[in-house]
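Below: structure34.cif (mmCIF, C-alpha atoms)
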```
data_upload
#
loop_
_atom_site.label_atom_id
_atom_site.label_comp_id
_atom_site.auth_asym_id
_atom_site.auth_seq_id
_atom_site.Cartn_x
_atom_site.Cartn_y
_atom_site.Cartn_z
CA MET A 120 0.00 0.00 0.00
CA ALA A 121 1.45 3.27 -1.02
CA LYS A 122 0.59 5.32 2.00
CA ILE A 123 1.63 4.13 5.45
CA ARG A 124 -1.14 4.65 7.97
CA PRO A 125 -0.28 3.77 11.54
CA ARG A 126 -3.27 3.11 13.77
CA VAL A 127 -3.30 3.26 17.54
CA LYS A 128 -6.12 2.49 19.94
CA ALA A 129 -5.49 3.75 23.44
CA PRO A 130 -7.85 4.95 26.18
CA LYS A 131 -8.07 8.73 26.52
CA LYS A 132 -8.49 8.50 30.27
CA ALA A 133 -7.34 6.06 32.87
CA ALA A 134 -7.36 5.78 36.64
CA MET A 135 -4.05 5.99 38.49
CA GLY A 136 -2.49 2.54 38.63
CA GLU A 137 -4.94 1.04 36.14
CA ILE A 138 -3.62 -1.52 33.65
CA ILE A 139 -4.54 -0.29 30.18
CA GLU A 140 -4.33 -2.12 26.88
CA ILE A 141 -2.88 -0.35 23.87
CA LYS A 142 -3.32 -1.75 20.39
CA THR A 143 -1.31 -0.72 17.34
CA LEU A 144 -1.44 -1.67 13.71
CA ILE A 145 0.53 -0.43 10.73
CA ASN A 146 0.21 -1.32 7.08
CA HIS A 147 3.55 -2.54 5.83
CA ALA A 148 4.51 -5.28 3.38
CA MET A 149 7.27 -6.65 5.69
CA GLU A 150 9.15 -7.93 2.66
CA SER A 151 11.39 -10.64 4.10
CA GLY A 152 14.24 -10.50 1.60
CA GLN A 153 13.82 -14.24 1.00
CA ARG A 154 11.52 -13.96 -2.00
CA LYS A 155 12.28 -13.63 -5.68
CA ASP A 156 10.36 -11.71 -8.29
CA SER A 157 8.99 -13.21 -11.50
CA SER A 158 12.35 -12.91 -13.29
CA GLY A 159 14.24 -14.64 -10.46
CA ASN A 160 15.89 -11.63 -8.88
CA PRO A 161 15.81 -11.40 -5.10
CA ILE A 162 13.37 -8.81 -3.71
CA PRO A 163 15.35 -6.73 -1.24
CA ARG A 164 14.41 -6.94 2.41
CA ARG A 165 12.27 -4.12 3.69
CA ILE A 166 10.64 -4.51 7.06
CA ILE A 167 9.78 -2.47 10.10
CA ASN A 168 12.72 -3.40 12.30
CA ARG A 169 11.85 -1.55 15.48
CA PHE A 170 8.82 -0.19 17.25
CA ASP A 171 9.17 2.20 20.17
CA VAL A 172 6.69 3.70 22.56
CA ALA A 173 7.54 6.63 24.79
CA LEU A 174 5.52 8.48 27.40
CA ASN A 175 6.56 12.12 27.70
CA GLY A 176 9.83 11.21 26.00
CA ARG A 177 10.63 8.30 28.32
CA GLN A 178 10.66 4.88 26.72
CA VAL A 179 7.98 2.58 28.09
CA PHE A 180 7.86 -0.21 25.52
CA SER A 181 9.82 -1.40 22.50
CA VAL A 182 9.89 -4.29 20.08
CA ASP A 183 12.56 -5.57 17.71
CA LEU A 184 10.91 -7.02 14.62
CA PHE A 185 12.43 -9.63 12.33
CA PRO A 186 11.85 -10.84 8.76
CA SER A 187 9.50 -13.69 9.67
CA ILE A 188 6.87 -11.32 11.03
CA SER A 189 3.76 -11.08 8.84
CA ALA A 190 2.70 -8.09 6.81
CA ASN A 191 0.77 -5.34 8.60
CA PRO A 192 2.23 -6.01 12.06
CA TYR A 193 -0.22 -5.75 14.94
CA VAL A 194 1.29 -5.12 18.35
CA ALA A 195 -0.79 -4.95 21.51
CA PHE A 196 0.60 -4.45 24.97
CA PHE A 197 -0.31 -3.34 28.47
CA LEU A 198 0.83 -0.32 30.42
CA LYS A 199 0.28 0.71 34.00
CA ALA A 200 -1.17 4.21 34.00
CA GLU A 201 0.93 6.36 36.33
CA GLU A 202 1.35 9.62 34.49
CA SER A 203 -0.64 11.87 32.17
CA GLY A 204 0.92 12.99 28.94
CA ASP A 205 1.66 12.13 25.35
CA LEU A 206 2.31 8.60 24.20
CA THR A 207 4.54 8.64 21.13
CA PHE A 208 4.58 5.60 18.89
CA THR A 209 7.46 5.23 16.44
CA TRP A 210 7.93 2.60 13.74
CA HIS A 211 11.38 2.36 12.11
CA ASP A 212 11.56 1.16 8.52
CA ASP A 213 14.59 -0.56 6.95
CA ASP A 214 14.75 2.22 4.37
CA GLY A 215 15.24 4.81 7.11
CA SER A 216 11.67 6.07 7.13
CA VAL A 217 10.11 6.72 10.51
CA TYR A 218 6.35 6.62 11.03
CA GLU A 219 4.94 8.37 14.06
CA GLU A 220 1.67 8.64 15.90
CA THR A 221 0.86 10.42 19.13
CA LYS A 222 -1.97 9.88 21.61
CA SER A 223 -2.69 11.85 24.74
CA ILE A 224 -3.68 10.11 27.90
CA GLU A 225 -5.09 11.65 31.03
CA VAL A 226 -4.43 9.79 34.25
CA ALA A 227 -6.49 10.82 37.23
CA MET B 246 -6.92 14.12 12.53
CA ASN B 247 -9.57 13.88 9.88
CA THR B 248 -8.42 10.38 9.00
CA THR B 249 -8.52 9.34 12.63
CA ARG B 250 -12.06 10.55 13.04
CA LYS B 251 -13.10 8.73 9.90
CA ALA B 252 -11.43 5.57 11.11
CA LEU B 253 -13.29 5.75 14.39
CA GLY B 254 -16.51 6.28 12.49
CA LEU B 255 -15.79 3.13 10.52
CA LEU B 256 -15.20 1.19 13.67
CA ALA B 257 -18.46 2.33 15.13
CA ALA B 258 -20.38 1.66 11.93
CA SER B 259 -19.33 -1.93 11.65
CA ALA B 260 -19.87 -3.17 15.15
CA GLY B 261 -22.89 -5.21 14.02
CA LEU B 262 -21.28 -8.61 14.27
CA THR B 263 -19.40 -8.84 17.51
CA ALA B 264 -17.08 -11.06 19.38
CA GLY B 265 -17.71 -14.17 21.33
CA VAL B 266 -20.40 -16.07 19.47
CA ALA B 267 -18.50 -19.32 19.56
CA MET B 268 -19.55 -20.98 22.78
CA ALA B 269 -19.76 -24.56 23.92
CA SER B 270 -23.25 -25.67 24.86
CA ASP B 271 -24.17 -27.08 28.25
CA ASP B 272 -22.98 -30.56 27.46
CA GLY B 273 -19.75 -29.08 26.14
CA THR B 274 -19.88 -31.01 22.89
CA ARG B 275 -21.33 -28.66 20.31
CA ILE B 276 -20.47 -25.16 19.35
CA HIS B 277 -23.21 -22.61 18.78
CA TRP B 278 -22.19 -20.37 15.96
CA GLY B 279 -24.88 -17.76 16.40
CA PRO B 280 -25.49 -15.78 13.22
CA TYR B 281 -22.63 -17.51 11.45
CA MET B 282 -24.67 -20.66 11.00
CA VAL B 283 -28.09 -20.60 9.35
CA ASP B 284 -29.80 -23.99 9.07
CA ASP B 285 -27.10 -26.13 7.52
CA LYS B 286 -25.28 -23.21 5.95
CA ARG B 287 -22.02 -22.40 7.68
CA SER B 288 -19.93 -19.32 7.13
CA GLY B 289 -16.21 -19.81 6.63
CA TYR B 290 -15.96 -18.16 10.06
CA THR B 291 -17.07 -21.42 11.64
CA TYR B 292 -14.17 -23.29 10.07
CA ALA B 293 -11.57 -20.73 11.07
CA GLY B 294 -9.34 -21.17 14.09
CA ALA B 295 -9.98 -19.27 17.32
CA GLN B 296 -7.12 -16.83 16.68
CA THR B 297 -8.31 -16.07 13.16
CA ARG B 298 -11.84 -15.50 14.46
CA ALA B 299 -10.47 -13.18 17.14
CA MET B 300 -8.76 -11.13 14.44
CA GLN B 301 -12.04 -10.76 12.59
CA ASP B 302 -14.06 -10.01 15.72
CA ASP B 303 -11.91 -7.02 16.58
CA ASP B 304 -12.26 -4.38 13.89
CA PHE B 305 -9.08 -2.76 15.09
CA GLN B 306 -7.05 -5.92 14.86
CA ASN B 307 -8.52 -6.87 11.47
CA PRO B 308 -5.90 -5.64 8.98
CA ALA B 309 -8.54 -5.32 6.26
CA PHE B 310 -9.67 -2.11 7.92
CA LEU B 311 -6.50 -0.48 6.62
CA TRP B 312 -8.01 -0.97 3.16
CA LEU B 313 -11.38 0.26 4.34
CA GLU B 314 -9.86 3.56 5.36
CA ARG B 315 -8.57 3.88 1.85
CA GLY B 316 -12.02 3.00 0.54
CA ALA B 317 -13.57 5.69 2.74
CA ASP B 318 -11.16 8.22 1.25
CA ILE B 319 -11.99 7.14 -2.29
CA TRP B 320 -15.69 7.49 -1.51
CA GLU B 321 -15.16 11.20 -0.89
CA THR B 322 -12.49 11.95 -3.46
CA ALA B 323 -13.59 13.58 -6.71
CA ALA B 324 -12.18 11.93 -9.81
CA GLY B 325 -12.59 11.95 -13.57
CA GLU B 326 -13.76 14.63 -15.95
CA THR B 327 -17.04 15.24 -14.20
CA GLY B 328 -15.16 16.08 -11.02
CA GLN B 329 -17.53 14.04 -8.90
CA ALA B 330 -16.98 11.62 -6.06
CA CYS B 331 -19.10 8.62 -5.06
CA VAL B 332 -20.54 10.69 -2.23
CA ASP B 333 -21.97 13.31 -4.63
CA CYS B 334 -24.52 10.87 -6.07
CA HIS B 335 -24.83 8.23 -3.38
CA GLY B 336 -24.60 10.37 -0.24
CA ASP B 337 -23.35 8.89 2.95
CA ALA B 338 -22.24 5.34 2.37
CA ASP B 339 -23.84 3.99 5.52
CA GLU B 340 -27.24 4.96 4.12
CA GLY B 341 -26.81 4.72 0.37
CA MET B 342 -24.81 1.51 0.33
CA ALA B 343 -26.56 -0.46 3.08
CA GLY B 344 -27.80 -3.69 1.57
CA VAL B 345 -25.70 -3.50 -1.59
CA GLY B 346 -23.22 -6.08 -0.33
CA ALA B 347 -26.12 -8.42 0.44
CA ARG B 348 -27.88 -8.37 -2.93
CA TYR B 349 -25.03 -8.27 -5.47
CA PRO B 350 -24.36 -9.62 -8.05
CA VAL B 351 -27.43 -8.27 -9.82
CA TYR B 352 -28.72 -8.37 -13.39
CA PHE B 353 -27.60 -5.20 -15.21
CA GLU B 354 -29.89 -4.34 -18.09
CA ASP B 355 -27.42 -2.29 -20.18
CA TRP B 356 -25.06 -5.24 -20.24
CA GLY B 357 -27.69 -7.93 -20.51
CA LYS B 358 -25.81 -9.92 -17.90
CA MET B 359 -24.81 -10.07 -14.26
CA MET B 360 -22.72 -7.42 -12.57
CA ASN B 361 -20.82 -7.67 -9.28
CA VAL B 362 -19.81 -4.90 -6.89
CA GLU B 363 -16.33 -4.46 -8.36
CA GLN B 364 -17.80 -4.11 -11.84
CA ARG B 365 -20.45 -1.72 -10.61
CA ILE B 366 -17.79 0.51 -9.06
CA ASN B 367 -15.74 0.55 -12.23
CA TRP B 368 -18.85 1.07 -14.35
CA CYS B 369 -19.69 4.11 -12.22
CA ARG B 370 -16.15 5.41 -12.60
CA GLU B 371 -16.04 4.98 -16.36
CA THR B 372 -19.57 5.97 -17.27
CA GLN B 373 -20.71 8.40 -14.58
CA MET B 374 -17.45 9.97 -13.44
CA GLN B 375 -15.51 9.51 -16.68
CA ALA B 376 -12.54 8.36 -14.67
CA GLU B 377 -10.07 5.53 -15.17
CA PRO B 378 -11.40 2.25 -13.83
CA PHE B 379 -9.46 0.62 -11.01
CA ALA B 380 -7.41 -2.46 -11.90
CA TRP B 381 -8.62 -5.76 -10.45
CA GLU B 382 -6.93 -6.62 -7.15
CA SER B 383 -5.51 -3.12 -6.90
CA GLU B 384 -5.45 -1.64 -3.42
CA ASP B 385 -7.97 0.93 -4.62
CA LEU B 386 -10.55 -1.51 -5.97
CA LEU B 387 -10.21 -3.82 -2.98
CA GLY B 388 -10.48 -0.87 -0.62
CA ILE B 389 -13.60 0.65 -2.12
CA THR B 390 -15.25 -2.76 -2.61
CA ALA B 391 -14.61 -3.73 0.99
CA PHE B 392 -15.84 -0.32 2.12
CA VAL B 393 -19.08 -0.63 0.13
CA LYS B 394 -19.76 -4.21 1.19
CA ASN B 395 -18.95 -3.42 4.80
CA GLN B 396 -21.97 -1.10 4.88
CA SER B 397 -24.10 -4.26 4.77
CA LYS B 398 -22.22 -6.01 7.54
CA GLY B 399 -24.51 -8.29 9.51
CA MET B 400 -27.33 -8.14 6.96
CA PRO B 401 -28.36 -11.52 5.54
CA VAL B 402 -27.12 -12.28 2.04
CA ASN B 403 -30.13 -12.10 -0.24
CA VAL B 404 -29.32 -12.37 -3.93
CA SER B 405 -32.19 -12.69 -6.34
CA ILE B 406 -32.16 -15.45 -8.92
CA ASP B 407 -35.58 -14.70 -10.36
CA GLY B 408 -36.43 -13.20 -13.71
CA PRO B 409 -33.50 -12.17 -15.88
CA ALA B 410 -30.96 -13.54 -13.39
CA GLN B 411 -32.33 -17.08 -13.74
CA PRO B 412 -30.32 -18.20 -16.81
CA PHE B 413 -27.12 -16.83 -15.26
CA TRP B 414 -27.82 -18.72 -12.06
CA GLU B 415 -28.24 -21.85 -14.20
CA GLN B 416 -24.85 -21.19 -15.80
CA GLY B 417 -23.26 -20.61 -12.41
CA LYS B 418 -24.77 -23.84 -11.13
CA ALA B 419 -23.51 -25.71 -14.18
CA PHE B 420 -20.03 -24.30 -13.58
CA TYR B 421 -20.22 -25.35 -9.93
CA GLU B 422 -21.07 -28.90 -10.88
CA GLN B 423 -18.78 -29.23 -13.90
CA ARG B 424 -15.65 -31.33 -13.45
CA ARG B 425 -12.56 -29.45 -14.58
CA GLY B 426 -8.79 -29.47 -14.49
CA GLN B 427 -6.33 -32.33 -14.43
CA LEU B 428 -7.71 -33.46 -11.08
CA ASP B 429 -11.15 -33.66 -12.70
CA LEU B 430 -12.94 -32.09 -9.76
CA ALA B 431 -16.01 -29.90 -9.56
CA CYS B 432 -16.67 -27.35 -6.82
CA THR B 433 -19.31 -29.69 -5.40
CA HIS B 434 -16.84 -32.48 -4.74
CA CYS B 435 -15.04 -30.49 -2.07
CA HIS B 436 -17.57 -27.93 -0.91
CA VAL B 437 -20.75 -30.01 -0.88
CA ASP B 438 -19.81 -33.70 -0.75
CA HIS B 439 -16.84 -33.37 1.59
CA GLU B 440 -17.27 -30.12 3.47
CA GLY B 441 -16.08 -30.42 7.04
CA THR B 442 -13.62 -33.19 6.22
CA LEU B 443 -9.90 -32.84 5.76
CA ILE B 444 -8.02 -32.26 2.54
CA ARG B 445 -4.53 -33.05 3.73
CA ALA B 446 -4.24 -30.89 6.85
CA GLU B 447 -6.91 -28.36 5.87
CA THR B 448 -10.59 -28.47 6.71
CA LEU B 449 -12.81 -28.03 3.67
CA SER B 450 -15.38 -25.30 4.17
CA GLN B 451 -18.64 -24.88 2.33
CA GLY B 452 -16.97 -22.26 0.20
CA GLN B 453 -19.36 -19.51 1.24
CA SER B 454 -18.72 -16.05 -0.18
CA ASN B 455 -20.30 -13.85 2.50
CA GLY B 456 -16.98 -12.58 3.86
CA PHE B 457 -15.34 -11.34 0.66
CA PRO B 458 -13.23 -9.35 0.05
CA THR B 459 -11.34 -11.23 2.73
CA TYR B 460 -8.03 -10.65 4.45
CA ARG B 461 -6.33 -13.97 3.93
CA LEU B 462 -3.37 -14.68 6.17
CA LYS B 463 -1.77 -16.74 3.42
CA TRP B 464 -2.02 -13.82 1.01
CA GLN B 465 -1.03 -11.27 3.67
CA THR B 466 -3.41 -8.91 1.95
CA LEU B 467 -7.05 -8.34 1.16
CA GLY B 468 -8.26 -10.34 -1.83
CA SER B 469 -11.38 -10.62 -3.95
CA LEU B 470 -13.68 -13.59 -4.44
CA HIS B 471 -12.39 -13.93 -7.99
CA ARG B 472 -8.86 -14.29 -6.67
CA ARG B 473 -10.14 -17.12 -4.49
CA PHE B 474 -11.91 -18.71 -7.51
CA ARG B 475 -8.67 -18.50 -9.47
CA GLY B 476 -6.75 -20.08 -6.63
CA CYS B 477 -9.28 -22.91 -6.34
CA ASN B 478 -9.15 -23.50 -10.10
CA ARG B 479 -5.38 -23.64 -10.00
CA ASN B 480 -5.45 -26.07 -7.09
CA ILE B 481 -7.36 -28.56 -9.20
CA ARG B 482 -4.94 -27.91 -12.08
CA ALA B 483 -7.50 -26.06 -14.16
CA GLU B 484 -6.83 -22.97 -16.22
CA PRO B 485 -8.20 -20.02 -14.21
CA TYR B 486 -10.49 -17.51 -15.89
CA PRO B 487 -9.54 -13.83 -15.92
CA TYR B 488 -10.74 -11.52 -13.15
CA GLY B 489 -14.27 -10.37 -13.83
CA ALA B 490 -14.94 -13.09 -16.42
CA ASP B 491 -18.62 -13.83 -17.05
CA GLU B 492 -18.05 -17.40 -15.87
CA TYR B 493 -16.85 -16.15 -12.49
CA VAL B 494 -19.60 -13.55 -12.10
CA ASN B 495 -22.22 -16.24 -12.77
CA LEU B 496 -20.43 -18.51 -10.33
CA GLU B 497 -20.40 -15.64 -7.83
CA LEU B 498 -24.18 -15.42 -8.19
CA TYR B 499 -24.60 -19.15 -7.60
CA VAL B 500 -22.23 -19.22 -4.64
CA ALA B 501 -23.87 -16.16 -3.07
CA TRP B 502 -27.30 -17.77 -3.55
CA ARG B 503 -26.07 -20.93 -1.80
CA GLY B 504 -25.27 -18.70 1.15
CA ASN B 505 -28.51 -16.68 1.17
CA GLY B 506 -29.31 -15.98 4.81
CA LEU B 507 -25.75 -15.94 6.09
CA PRO B 508 -24.63 -12.52 7.35
CA VAL B 509 -22.39 -10.30 5.23
CA GLU B 510 -19.03 -10.34 7.02
CA SER B 511 -16.96 -8.25 4.63
CA PRO B 512 -14.14 -7.83 5.27
CA SER B 513 -13.56 -11.17 6.96
CA VAL B 514 -10.27 -12.74 8.06
CA ARG B 515 -9.42 -16.23 6.90
CA LYS B 516 -6.44 -18.50 7.03
#
```
Could you write out this file's structure as structure tokens?
Amino acid sequence: MAKIRPRVKAPKKAAMGEIIEIKTLINHAMESGQRKDSSGNPIPRRIINRFDVALNGRQVFSVDLFPSISANPYVAFFLKAEESGDLTFTWHDDDGSVYEETKSIEVA
Amino acid sequence: MNTTRKALGLLAASAGLTAGVAMASDDGTRIHWGPYMVDDKRSGYTYAGAQTRAMQDDDFQNPAFLWLERGADIWETAAGETGQACVDCHGDADEGMAGVGARYPVYFEDWGKMMNVEQRINWCRETQMQAEPFAWESEDLLGITAFVKNQSKGMPVNVSIDGPAQPFWEQGKAFYEQRRGQLDLACTHCHVDHEGTLIRAETLSQGQSNGFPTYRLKWQTLGSLHRRFRGCNRNIRAEPYPYGADEYVNLELYVAWRGNGLPVESPSVRK
């Protein structure tokens, strides 16, 4: 798909100490580098190799991704709500591109 | 921001079929499939594994919704020489397109034959908008098709085979029952005679079409019913027909009719 559209589902509000689930999805071919095109030439690897999540600039979650991960990687994880602020989600592409999404969360 | 709001709208609009219908009964032996099983008709959902079903049940987790967002954009984007978008004639998709996914393919008088949703979209583009038609299996055509069909999510499939559609239904039925390919198999041999049994390690489904376009894990992308037909034909070592061939549209009519009453699930997730 030409345009990369990251999607994030996170609660807008949470109670202090609550365990919240955050779901993320990004459209990406995750081309493994193991395949060949119709004329037999290898298709170069191009995957999302890292996914980072930071709250107010402090890293709270990260994933290293590898070539066997399917297209359109879906990552869901849990956080303990202890601080209001901006959650920044960053996907790093092999080609150097960086895709970002931000969600605010209010912890009361 | 605009995209996000649209995406949330999509999520809200398609919450008709929801999670958790697969439950063991009191004696723990049978599974109740809820709307996914009507009389002896079983959606492909009921043959899918629990994890695959979970992917479909959660609209956020279902990767097909990435295509739907694209479809929603196309719906509102003016194209062609008339400078019109789908929305200019058809209004809001959730009103104008509700039910379309349940009753297509339909008989189209100008053509004198059946027309499916993909063809209808491209006909609109070429004739009404004077725009380039989308290529089959392109992200654009899959996106807008899934978006249109999704407006009927949860509605029972209800294709008409009366009147002018009758001869095309007959042709679709004949195709379904015709042996073909080096393996000399007809659709019926797997999907009627042996549904529910194993073909090597895979369970044969009834081959219902109510979830298409479907996000197939094997394909790692959304795909049309005709892609599935082509794959099936290849599996039995038969020469596949081109996308949008009359043979496949007639077959689409027959297959949809077989599943009349099952809910539209587009876009479903399958293995």
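As for CA of Val514 (chain B) and CA of Ile406 (chain B), they are spaced 27.8 Å apart.
This file gives the following result for the PyMOL selection byres ((chain B) within 10 of (chain A)): Thr248, Thr249, Ala252, Leu253, Phe305, Gln306, Asn307, Pro308, Ala309, Phe310, Leu311, Trp312, Glu314, Arg315, Ser383, Glu384, Asp385, Leu462, Lys463, Trp464, Gln465 and Thr466 of chain B.
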Answer key for the PyMOL selection byres ((chain A and resi 164-167) around 7), residues as a PyMOL selection string = chain A and resi 149-152+162-163+168-169+184+186+210-214
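Selection check: the PyMOL selection byres ((chain B and resi 326) around 12) on the shown file gives B:Ala323, B:Ala324, B:Gly325, B:Thr327, B:Gly328, B:Gln329, B:Ala330, B:Arg370, B:Glu371, B:Thr372, B:Gln373, B:Met374, B:Gln375, B:Ala376, B:Glu377.
Here CA of Pro401 (chain B) stands at a distance of 16.5 Å from CA of Val362 (chain B).
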Correct to one decimal, the distance CA of His439 (chain B)-CA of Ile481 (chain B) is 15.1 Å
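Closest approach to Ser203 (chain A) among A:Ser181, A:Ser223, A:Ser187, A:Ser157: A:Ser223, based on all atoms listed in the file.
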Which is closest to Tyr488 (chain B) among B:Leu428, B:Ala410, B:Glu382, B:Lys418, if we use only C-alpha atoms?
-> B:Glu382
Could you name the residues that touch Tyr349 (chain B) at 7 Å or less, counting all atoms listed in the file, but leaving out those on the same chain fewer than 4 positions away, as a count of residues only?
-> 4
